[in-house]
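Dropping work-v3.cif in here (mmCIF, C-alpha atoms):
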data_data
loop_
_atom_site.group_PDB
_atom_site.id
_atom_site.type_symbol
_atom_site.label_atom_id
_atom_site.label_comp_id
_atom_site.auth_asym_id
_atom_site.auth_seq_id
_atom_site.Cartn_x
_atom_site.Cartn_y
_atom_site.Cartn_z
ATOM 1 C CA MET I 1 151.280 59.218 191.299
ATOM 2 C CA PHE I 2 150.506 59.640 194.991
ATOM 3 C CA SER I 3 154.194 60.239 195.705
ATOM 4 C CA ILE I 4 154.190 63.114 193.161
ATOM 5 C CA ILE I 5 151.099 64.618 194.784
ATOM 6 C CA GLN I 6 152.719 64.277 198.196
ATOM 7 C CA ALA I 7 155.967 65.819 196.956
ATOM 8 C CA ALA I 8 154.205 68.771 195.289
ATOM 9 C CA GLY I 9 152.830 69.942 198.630
ATOM 10 C CA TRP I 10 149.528 71.492 199.653
ATOM 11 C CA PRO I 11 149.161 73.852 196.614
ATOM 12 C CA ILE I 12 148.381 70.842 194.407
ATOM 13 C CA TRP I 13 145.121 70.077 196.248
ATOM 14 C CA PRO I 14 143.192 73.009 194.712
ATOM 15 C CA LEU I 15 144.489 71.831 191.325
ATOM 16 C CA LEU I 16 143.196 68.316 191.977
ATOM 17 C CA LEU I 17 139.798 69.757 192.913
ATOM 18 C CA ALA I 18 139.779 71.854 189.724
ATOM 19 C CA SER I 19 140.649 68.773 187.650
ATOM 20 C CA VAL I 20 137.750 66.776 189.154
ATOM 21 C CA ILE I 21 135.318 69.639 188.476
ATOM 22 C CA ALA I 22 136.633 70.047 184.906
ATOM 23 C CA VAL I 23 136.191 66.332 184.138
ATOM 24 C CA ALA I 24 132.653 66.385 185.575
ATOM 25 C CA LEU I 25 131.719 69.452 183.485
ATOM 26 C CA ILE I 26 133.177 67.936 180.312
ATOM 27 C CA ILE I 27 131.218 64.691 180.796
ATOM 28 C CA GLU I 28 127.995 66.579 181.592
ATOM 29 C CA ARG I 29 128.258 68.893 178.578
ATOM 30 C CA ALA I 30 129.245 66.054 176.229
ATOM 31 C CA ALA I 31 126.099 64.185 177.288
ATOM 32 C CA ALA I 32 123.841 67.262 177.145
ATOM 33 C CA LEU I 33 125.038 68.718 173.835
ATOM 34 C CA ARG I 34 124.180 65.783 171.581
ATOM 35 C CA ARG I 35 122.733 66.814 168.219
ATOM 36 C CA THR I 36 119.790 64.408 168.458
ATOM 37 C CA LYS I 37 118.784 65.994 171.793
ATOM 38 C CA ILE I 38 119.174 69.638 170.713
ATOM 39 C CA VAL I 39 118.077 69.757 167.047
ATOM 40 C CA PRO I 40 116.337 66.454 166.206
ATOM 41 C CA PRO I 41 116.244 65.878 162.434
ATOM 42 C CA GLY I 42 112.842 66.336 160.784
ATOM 43 C CA LEU I 43 111.265 68.066 163.790
ATOM 44 C CA LEU I 44 110.141 71.135 161.814
ATOM 45 C CA GLN I 45 108.659 69.029 159.025
ATOM 46 C CA SER I 46 106.703 66.829 161.441
ATOM 47 C CA ALA I 47 105.473 69.865 163.428
ATOM 48 C CA VAL I 48 104.278 71.618 160.238
ATOM 49 C CA ALA I 49 102.616 68.419 158.934
ATOM 50 C CA ASN I 50 100.836 67.975 162.251
ATOM 51 C CA TYR I 51 99.739 71.619 162.189
ATOM 52 C CA ARG I 52 98.308 71.280 158.646
ATOM 53 C CA GLN I 53 96.425 68.098 159.492
ATOM 54 C CA HIS I 54 95.107 68.848 162.980
ATOM 55 C CA GLY I 55 95.706 72.557 163.569
ATOM 56 C CA ILE I 56 97.280 73.794 166.793
ATOM 57 C CA SER I 57 96.347 72.154 170.081
ATOM 58 C CA GLU I 58 97.792 72.747 173.538
ATOM 59 C CA ASP I 59 98.757 69.075 173.879
ATOM 60 C CA GLN I 60 100.650 69.187 170.605
ATOM 61 C CA LEU I 61 102.478 72.364 171.655
ATOM 62 C CA LEU I 62 103.393 70.887 175.054
ATOM 63 C CA ARG I 63 104.771 67.728 173.414
ATOM 64 C CA LEU I 64 106.753 69.826 170.934
ATOM 65 C CA GLU I 65 108.058 72.067 173.722
ATOM 66 C CA GLY I 66 109.212 69.122 175.811
ATOM 67 C CA SER I 67 110.863 67.273 172.955
ATOM 68 C CA SER I 68 114.019 69.398 172.628
ATOM 69 C CA PRO I 69 115.400 72.952 172.774
ATOM 70 C CA LEU I 70 114.494 73.350 169.084
ATOM 71 C CA GLY I 71 110.970 72.215 169.969
ATOM 72 C CA ARG I 72 110.757 74.996 172.575
ATOM 73 C CA VAL I 73 111.673 77.588 169.946
ATOM 74 C CA LEU I 74 109.231 76.210 167.382
ATOM 75 C CA SER I 75 106.367 75.916 169.882
ATOM 76 C CA ALA I 76 106.880 79.563 170.896
ATOM 77 C CA GLY I 77 106.363 80.532 167.259
ATOM 78 C CA MET I 78 103.372 78.238 166.756
ATOM 79 C CA ARG I 79 101.627 79.632 169.854
ATOM 80 C CA ASN I 80 101.575 82.989 168.042
ATOM 81 C CA ALA I 81 100.662 81.601 164.605
ATOM 82 C CA GLY I 82 97.629 83.871 164.369
ATOM 83 C CA SER I 83 99.637 86.993 165.136
ATOM 84 C CA SER I 84 101.751 89.165 162.875
ATOM 85 C CA ARG I 85 105.193 88.186 161.633
ATOM 86 C CA GLU I 86 106.862 90.606 164.079
ATOM 87 C CA ILE I 87 105.091 89.128 167.125
ATOM 88 C CA MET I 88 105.982 85.590 166.022
ATOM 89 C CA LYS I 89 109.627 86.586 165.626
ATOM 90 C CA GLU I 90 109.669 88.277 169.053
ATOM 91 C CA ALA I 91 108.230 85.158 170.710
ATOM 92 C CA ILE I 92 110.803 82.957 168.949
ATOM 93 C CA GLU I 93 113.656 85.289 169.898
ATOM 94 C CA GLU I 94 112.556 85.299 173.535
ATOM 95 C CA ALA I 95 112.441 81.495 173.621
ATOM 96 C CA GLY I 96 115.772 81.381 171.767
ATOM 97 C CA ARG I 97 117.470 83.507 174.429
ATOM 98 C CA GLY I 98 116.318 81.083 177.110
ATOM 99 C CA VAL I 99 117.514 78.099 175.083
ATOM 100 C CA ALA I 100 120.900 79.758 174.431
ATOM 101 C CA HIS I 101 121.366 80.389 178.151
ATOM 102 C CA GLU I 102 120.541 76.753 178.890
ATOM 103 C CA LEU I 103 122.957 75.423 176.252
ATOM 104 C CA GLU I 104 125.782 77.633 177.542
ATOM 105 C CA ARG I 105 125.334 76.393 181.114
ATOM 106 C CA PHE I 106 128.634 75.453 182.832
ATOM 107 C CA LEU I 107 130.734 76.614 179.859
ATOM 108 C CA THR I 108 131.848 79.715 181.765
ATOM 109 C CA SER I 109 132.980 77.517 184.669
ATOM 110 C CA LEU I 110 134.942 75.268 182.313
ATOM 111 C CA GLY I 111 136.569 78.283 180.643
ATOM 112 C CA THR I 112 137.457 79.727 184.050
ATOM 113 C CA ILE I 113 139.174 76.499 185.096
ATOM 114 C CA ALA I 114 141.096 76.458 181.808
ATOM 115 C CA SER I 115 142.238 80.040 182.454
ATOM 116 C CA ILE I 116 143.198 79.811 186.123
ATOM 117 C CA ALA I 117 144.726 76.314 186.254
ATOM 118 C CA PRO I 118 148.145 77.507 184.943
ATOM 119 C CA LEU I 119 148.058 80.384 187.447
ATOM 120 C CA MET I 120 147.259 77.981 190.281
ATOM 121 C CA GLY I 121 150.171 75.794 189.134
ATOM 122 C CA LEU I 122 152.464 78.818 189.031
ATOM 123 C CA PHE I 123 151.356 79.771 192.527
ATOM 124 C CA GLY I 124 152.283 76.279 193.733
ATOM 125 C CA THR I 125 155.688 76.596 192.085
ATOM 126 C CA VAL I 126 156.305 79.977 193.743
ATOM 127 C CA VAL I 127 155.313 78.570 197.129
ATOM 128 C CA GLY I 128 157.672 75.636 196.584
ATOM 129 C CA MET I 129 160.552 77.922 195.593
ATOM 130 C CA ILE I 130 159.976 80.113 198.640
ATOM 131 C CA GLU I 131 160.106 77.031 200.859
ATOM 132 C CA ILE I 132 163.334 75.842 199.171
ATOM 133 C CA PHE I 133 165.242 79.115 199.352
ATOM 134 C CA GLY I 134 163.768 80.216 202.627
ATOM 135 C CA SER I 135 164.533 77.024 204.537
ATOM 136 C CA PRO I 136 166.991 77.463 207.422
ATOM 137 C CA THR I 137 168.970 74.407 206.287
ATOM 138 C CA ALA I 138 170.392 76.369 203.335
ATOM 139 C CA SER I 139 169.785 73.770 200.654
ATOM 140 C CA GLY I 140 171.979 75.860 198.372
ATOM 141 C CA ASN I 141 174.954 74.080 199.907
ATOM 142 C CA ASN I 142 173.690 70.809 198.425
ATOM 143 C CA PRO I 143 173.103 71.038 194.633
ATOM 144 C CA GLN I 144 171.283 67.678 194.546
ATOM 145 C CA ALA I 145 168.834 68.775 197.221
ATOM 146 C CA LEU I 146 168.304 72.086 195.444
ATOM 147 C CA ALA I 147 167.645 70.358 192.088
ATOM 148 C CA HIS I 148 165.213 67.961 193.737
ATOM 149 C CA GLY I 149 163.413 70.842 195.434
ATOM 150 C CA ILE I 150 163.046 72.758 192.178
ATOM 151 C CA SER I 151 161.706 69.683 190.356
ATOM 152 C CA VAL I 152 159.166 69.183 193.140
ATOM 153 C CA ALA I 153 158.112 72.840 192.869
ATOM 154 C CA LEU I 154 157.651 72.491 189.095
ATOM 155 C CA TYR I 155 155.210 69.600 189.555
ATOM 156 C CA ASN I 156 152.530 72.220 190.287
ATOM 157 C CA THR I 157 153.129 74.097 187.030
ATOM 158 C CA GLY I 158 153.104 70.853 185.053
ATOM 159 C CA PHE I 159 149.891 69.699 186.692
ATOM 160 C CA GLY I 160 148.269 73.088 186.068
ATOM 161 C CA LEU I 161 149.074 72.824 182.352
ATOM 162 C CA ILE I 162 147.809 69.226 182.217
ATOM 163 C CA ILE I 163 144.450 70.485 183.522
ATOM 164 C CA ALA I 164 144.307 73.691 181.466
ATOM 165 C CA ILE I 165 145.054 72.273 178.003
ATOM 166 C CA PRO I 166 142.203 69.701 177.790
ATOM 167 C CA ALA I 167 139.813 72.076 179.588
ATOM 168 C CA MET I 168 140.505 74.815 177.017
ATOM 169 C CA ILE I 169 140.160 72.373 174.092
ATOM 170 C CA PHE I 170 136.766 71.152 175.321
ATOM 171 C CA TYR I 171 135.633 74.686 176.198
ATOM 172 C CA ARG I 172 136.345 75.863 172.637
ATOM 173 C CA HIS I 173 134.722 72.737 171.179
ATOM 174 C CA PHE I 174 131.534 73.108 173.236
ATOM 175 C CA ARG I 175 131.353 76.847 172.518
ATOM 176 C CA ALA I 176 131.572 76.218 168.756
ATOM 177 C CA GLN I 177 129.006 73.428 169.064
ATOM 178 C CA VAL I 178 126.532 75.694 170.884
ATOM 179 C CA ASP I 179 127.022 78.476 168.317
ATOM 180 C CA GLY I 180 126.344 75.985 165.511
ATOM 181 C CA PHE I 181 123.169 74.732 167.209
ATOM 182 C CA LEU I 182 121.896 78.293 167.697
ATOM 183 C CA VAL I 183 122.447 79.152 164.021
ATOM 184 C CA GLU I 184 120.659 75.962 162.997
ATOM 185 C CA MET I 185 117.711 76.697 165.309
ATOM 186 C CA GLU I 186 117.484 80.243 163.965
ATOM 187 C CA GLN I 187 117.293 78.928 160.395
ATOM 188 C CA GLU I 188 114.552 76.447 161.347
ATOM 189 C CA ALA I 189 112.621 79.193 163.149
ATOM 190 C CA VAL I 190 112.789 81.479 160.094
ATOM 191 C CA LYS I 191 111.404 78.638 157.939
ATOM 192 C CA LEU I 192 108.556 78.144 160.448
ATOM 193 C CA VAL I 193 107.626 81.842 160.383
ATOM 194 C CA GLU I 194 107.615 81.891 156.573
ATOM 195 C CA ILE I 195 105.468 78.730 156.405
ATOM 196 C CA MET I 196 102.986 80.060 158.992
ATOM 197 C CA GLN I 197 102.761 83.422 157.235
ATOM 198 C CA GLY I 198 102.128 81.715 153.889
ATOM 199 C CA GLN I 199 105.388 82.866 152.328
ATOM 200 C CA ARG I 200 106.815 79.362 151.936
ATOM 201 C CA LYS I 201 105.280 75.984 151.132
#
Let me see whether you can do it: turn the structure in this file into structure tokens.
Amino acid sequence: MFSIIQAAGWPIWPLLLASVIAVALIIERAAALRRTKIVPPGLLQSAVANYRQHGISEDQLLRLEGSSPLGRVLSAGMRNAGSSREIMKEAIEEAGRGVAHELERFLTSLGTIASIAPLMGLFGTVVGMIEIFGSPTASGNNPQALAHGISVALYNTGFGLIIAIPAMIFYRHFRAQVDGFLVEMEQEAVKLVEIMQGQRK
């Protein structure tokens, strides 16, 4: 492996850095975007039961807010339980925007790496080809040397694709996961508003 990296030349080092960053982002997002951390099951039911038994207290709201992103959305609605439906919805939407921004953290960086890795690999290949054909030793006189030089130059393109394909797969997966969580949180928030406004049992 090290011999391939050495043969590919200096353009492969930015690709190696991009691969390390991509792996770190994938691990971080996989750990952060677990369903039990984002939308814990039964959280709405327990929050409503607690509200009906003990009313709304600041300690209860702080615990709910710190429990999960869904808890932050629900606590924003419960803080405005005495207000109109429109004010409750505005508070929930405001909290939801903050939660959405937090869930989408680092996804843009991962998508950028997936997009530019093939271009970085192509750049390395172009640099390698320039070095082959521009060398004063005229490697064109030796077909074996020319073939070896081209294969070395193509290492960069291959490595760029190896980075880009998994990065794009995980980017799409995490994006779909975040969208699903946001839809689920919106549905739970609508149920909370209807319960608080007496439109649902």
Checklist entry - Which of these, I:Val190, I:Ile132, I:Met196, I:Ile169, has the shortest distance to Ile26 of chain I once you count only C-alpha atoms? => result I:Ile169
Checklist entry - Could you name the residues that touch segment 83-87 of chain I at 10 Å or less, counting all atoms listed in the file, but leaving out those on the same chain fewer than 5 positions away, as a PyMOL selection string? => result chain I and resi 77-78+92-93+193-194+196-197
Next on the checklist: Taking only C-alpha atoms into account, name the residue in I:Ala176, I:Ala189, I:Ile163, I:Val99 that is nearest to Ile12 of chain I.
Outcome noted: I:Ile163
Checklist entry - Taking into account only C-alpha atoms, which residue in the set I:Leu103, I:Leu43, I:Leu192, I:Val126 is nearest to Thr157 of chain I? => result I:Val126
Checklist entry - Between I:Gly158, I:Gly134, I:Gly9, I:Pro166, which has the minimum distance to Leu122 of chain I (counting only C-alpha atoms)? => result I:Gly158
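Taking all atoms listed in the file into account, Leu182 of chain I lies nearest to I:Gly96 out of the set I:Gln45, I:Gly96, I:Leu119, I:Arg63.
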Item to check | atom CA of Val152 of chain I to atom CA of Ala114 of chain I, distance in Å rounded to a single decimal | outcome: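 Pair atom CA of Val152 of chain I / atom CA of Ala114 of chain I returns 22.5 Å.
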Next on the checklist: Please determine, counting only C-alpha atoms, which residue among I:Ala91, I:Ala18, I:Leu110, I:Leu62 has the shortest atom-to-atom distance to Phe170 of chain I.
Outcome noted: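 Of all the options, I:Leu110 lies closest to Phe170 of chain I.
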Checklist entry - What does the distance from atom CA of Met88 of chain I to atom CA of Pro41 of chain I come to in Å, to one decimal? => result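 Going from atom CA of Met88 of chain I over to atom CA of Pro41 of chain I covers 22.5 Å.
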Checklist entry - Which protein, DNA or RNA residues have an atom at most 7 Å from (154.8, 72.1, 186.5), counting all atoms listed in the file? List them as a ChimeraX atom specification. => result /I:121,154-160
Can you write just those residues out, C-alpha atoms, as a PDB file, keeping the file's coordinate frame?
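What follows is the written file result_18.pdb:
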ATOM      1  CA  GLY I 121     150.171  75.794 189.134  1.00  0.00           C
ATOM      2  CA  LEU I 154     157.651  72.491 189.095  1.00  0.00           C
ATOM      3  CA  TYR I 155     155.210  69.600 189.555  1.00  0.00           C
ATOM      4  CA  ASN I 156     152.530  72.220 190.287  1.00  0.00           C
ATOM      5  CA  THR I 157     153.129  74.097 187.030  1.00  0.00           C
ATOM      6  CA  GLY I 158     153.104  70.853 185.053  1.00  0.00           C
ATOM      7  CA  PHE I 159     149.891  69.699 186.692  1.00  0.00           C
ATOM      8  CA  GLY I 160     148.269  73.088 186.068  1.00  0.00           C
TER       9      GLY I 160
END
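Residues in contact range of Leu44 of chain I, defined as at most 10 Å between all atoms listed in the file, with sequence neighbours fewer than 5 positions away removed, read Val39, Ala49, Asn50, Leu64, Leu70, Gly71, Leu74, Glu188, Ala189, Lys191 and Leu192 of chain I.
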Generate the missing atoms of segment 33-55 of chain I up to N, CA, C and O atoms and report them as a PDB file, keeping the file's coordinate frame.
ATOM      1  N   LEU I  33     124.975  68.048 175.137  1.00  0.00           N
ATOM      2  CA  LEU I  33     125.038  68.718 173.835  1.00  0.00           C
ATOM      3  C   LEU I  33     125.111  67.726 172.673  1.00  0.00           C
ATOM      4  O   LEU I  33     125.915  67.885 171.760  1.00  0.00           O
ATOM      5  N   ARG I  34     124.263  66.722 172.709  1.00  0.00           N
ATOM      6  CA  ARG I  34     124.180  65.783 171.581  1.00  0.00           C
ATOM      7  C   ARG I  34     123.188  66.343 170.559  1.00  0.00           C
ATOM      8  O   ARG I  34     122.123  66.849 170.926  1.00  0.00           O
ATOM      9  N   ARG I  35     123.558  66.233 169.291  1.00  0.00           N
ATOM     10  CA  ARG I  35     122.733  66.814 168.219  1.00  0.00           C
ATOM     11  C   ARG I  35     121.300  66.278 168.249  1.00  0.00           C
ATOM     12  O   ARG I  35     120.345  67.042 168.073  1.00  0.00           O
ATOM     13  N   THR I  36     121.133  64.992 168.473  1.00  0.00           N
ATOM     14  CA  THR I  36     119.790  64.408 168.458  1.00  0.00           C
ATOM     15  C   THR I  36     118.918  64.941 169.600  1.00  0.00           C
ATOM     16  O   THR I  36     117.697  64.916 169.502  1.00  0.00           O
ATOM     17  N   LYS I  37     119.547  65.428 170.676  1.00  0.00           N
ATOM     18  CA  LYS I  37     118.784  65.994 171.793  1.00  0.00           C
ATOM     19  C   LYS I  37     118.469  67.466 171.568  1.00  0.00           C
ATOM     20  O   LYS I  37     117.450  67.959 172.050  1.00  0.00           O
ATOM     21  N   ILE I  38     119.338  68.188 170.860  1.00  0.00           N
ATOM     22  CA  ILE I  38     119.174  69.638 170.713  1.00  0.00           C
ATOM     23  C   ILE I  38     118.368  69.987 169.471  1.00  0.00           C
ATOM     24  O   ILE I  38     117.389  70.735 169.546  1.00  0.00           O
ATOM     25  N   VAL I  39     118.775  69.469 168.311  1.00  0.00           N
ATOM     26  CA  VAL I  39     118.077  69.757 167.047  1.00  0.00           C
ATOM     27  C   VAL I  39     117.734  68.428 166.359  1.00  0.00           C
ATOM     28  O   VAL I  39     118.407  68.023 165.407  1.00  0.00           O
ATOM     29  N   PRO I  40     116.697  67.738 166.816  1.00  0.00           N
ATOM     30  CA  PRO I  40     116.337  66.454 166.206  1.00  0.00           C
ATOM     31  C   PRO I  40     116.011  66.629 164.722  1.00  0.00           C
ATOM     32  O   PRO I  40     115.326  67.585 164.341  1.00  0.00           O
ATOM     33  N   PRO I  41     116.516  65.749 163.874  1.00  0.00           N
ATOM     34  CA  PRO I  41     116.244  65.878 162.434  1.00  0.00           C
ATOM     35  C   PRO I  41     114.764  65.663 162.125  1.00  0.00           C
ATOM     36  O   PRO I  41     114.111  64.798 162.707  1.00  0.00           O
ATOM     37  N   GLY I  42     114.236  66.485 161.222  1.00  0.00           N
ATOM     38  CA  GLY I  42     112.842  66.336 160.784  1.00  0.00           C
ATOM     39  C   GLY I  42     111.813  66.889 161.742  1.00  0.00           C
ATOM     40  O   GLY I  42     110.607  66.709 161.510  1.00  0.00           O
ATOM     41  N   LEU I  43     112.237  67.571 162.805  1.00  0.00           N
ATOM     42  CA  LEU I  43     111.265  68.066 163.790  1.00  0.00           C
ATOM     43  C   LEU I  43     110.372  69.152 163.191  1.00  0.00           C
ATOM     44  O   LEU I  43     109.159  69.143 163.399  1.00  0.00           O
ATOM     45  N   LEU I  44     110.943  70.066 162.429  1.00  0.00           N
ATOM     46  CA  LEU I  44     110.141  71.135 161.814  1.00  0.00           C
ATOM     47  C   LEU I  44     109.115  70.564 160.848  1.00  0.00           C
ATOM     48  O   LEU I  44     107.939  70.944 160.877  1.00  0.00           O
ATOM     49  N   GLN I  45     109.567  69.614 160.016  1.00  0.00           N
ATOM     50  CA  GLN I  45     108.659  69.029 159.025  1.00  0.00           C
ATOM     51  C   GLN I  45     107.488  68.311 159.701  1.00  0.00           C
ATOM     52  O   GLN I  45     106.334  68.451 159.271  1.00  0.00           O
ATOM     53  N   SER I  46     107.783  67.556 160.755  1.00  0.00           N
ATOM     54  CA  SER I  46     106.703  66.829 161.441  1.00  0.00           C
ATOM     55  C   SER I  46     105.761  67.796 162.155  1.00  0.00           C
ATOM     56  O   SER I  46     104.540  67.589 162.177  1.00  0.00           O
ATOM     57  N   ALA I  47     106.316  68.885 162.737  1.00  0.00           N
ATOM     58  CA  ALA I  47     105.473  69.865 163.428  1.00  0.00           C
ATOM     59  C   ALA I  47     104.549  70.576 162.433  1.00  0.00           C
ATOM     60  O   ALA I  47     103.358  70.780 162.708  1.00  0.00           O
ATOM     61  N   VAL I  48     105.086  70.931 161.262  1.00  0.00           N
ATOM     62  CA  VAL I  48     104.278  71.618 160.238  1.00  0.00           C
ATOM     63  C   VAL I  48     103.219  70.666 159.684  1.00  0.00           C
ATOM     64  O   VAL I  48     102.053  71.063 159.474  1.00  0.00           O
ATOM     65  N   ALA I  49     103.584  69.404 159.445  1.00  0.00           N
ATOM     66  CA  ALA I  49     102.616  68.419 158.934  1.00  0.00           C
ATOM     67  C   ALA I  49     101.486  68.211 159.933  1.00  0.00           C
ATOM     68  O   ALA I  49     100.301  68.151 159.547  1.00  0.00           O
ATOM     69  N   ASN I  50     101.849  68.142 161.204  1.00  0.00           N
ATOM     70  CA  ASN I  50     100.836  67.975 162.251  1.00  0.00           C
ATOM     71  C   ASN I  50      99.920  69.197 162.320  1.00  0.00           C
ATOM     72  O   ASN I  50      98.701  69.071 162.489  1.00  0.00           O
ATOM     73  N   TYR I  51     100.519  70.370 162.159  1.00  0.00           N
ATOM     74  CA  TYR I  51      99.739  71.619 162.189  1.00  0.00           C
ATOM     75  C   TYR I  51      98.749  71.664 161.023  1.00  0.00           C
ATOM     76  O   TYR I  51      97.592  72.067 161.189  1.00  0.00           O
ATOM     77  N   ARG I  52      99.179  71.231 159.820  1.00  0.00           N
ATOM     78  CA  ARG I  52      98.308  71.280 158.646  1.00  0.00           C
ATOM     79  C   ARG I  52      97.182  70.252 158.731  1.00  0.00           C
ATOM     80  O   ARG I  52      96.086  70.484 158.217  1.00  0.00           O
ATOM     81  N   GLN I  53      97.440  69.143 159.393  1.00  0.00           N
ATOM     82  CA  GLN I  53      96.425  68.098 159.492  1.00  0.00           C
ATOM     83  C   GLN I  53      95.430  68.370 160.617  1.00  0.00           C
ATOM     84  O   GLN I  53      94.219  68.219 160.436  1.00  0.00           O
ATOM     85  N   HIS I  54      95.962  68.757 161.786  1.00  0.00           N
ATOM     86  CA  HIS I  54      95.107  68.848 162.980  1.00  0.00           C
ATOM     87  C   HIS I  54      95.007  70.251 163.568  1.00  0.00           C
ATOM     88  O   HIS I  54      94.325  70.438 164.572  1.00  0.00           O
ATOM     89  N   GLY I  55      95.694  71.229 162.981  1.00  0.00           N
ATOM     90  CA  GLY I  55      95.706  72.557 163.569  1.00  0.00           C
ATOM     91  C   GLY I  55      96.623  72.600 164.785  1.00  0.00           C
ATOM     92  O   GLY I  55      97.468  71.729 164.976  1.00  0.00           O
TER      93      GLY I  55
END
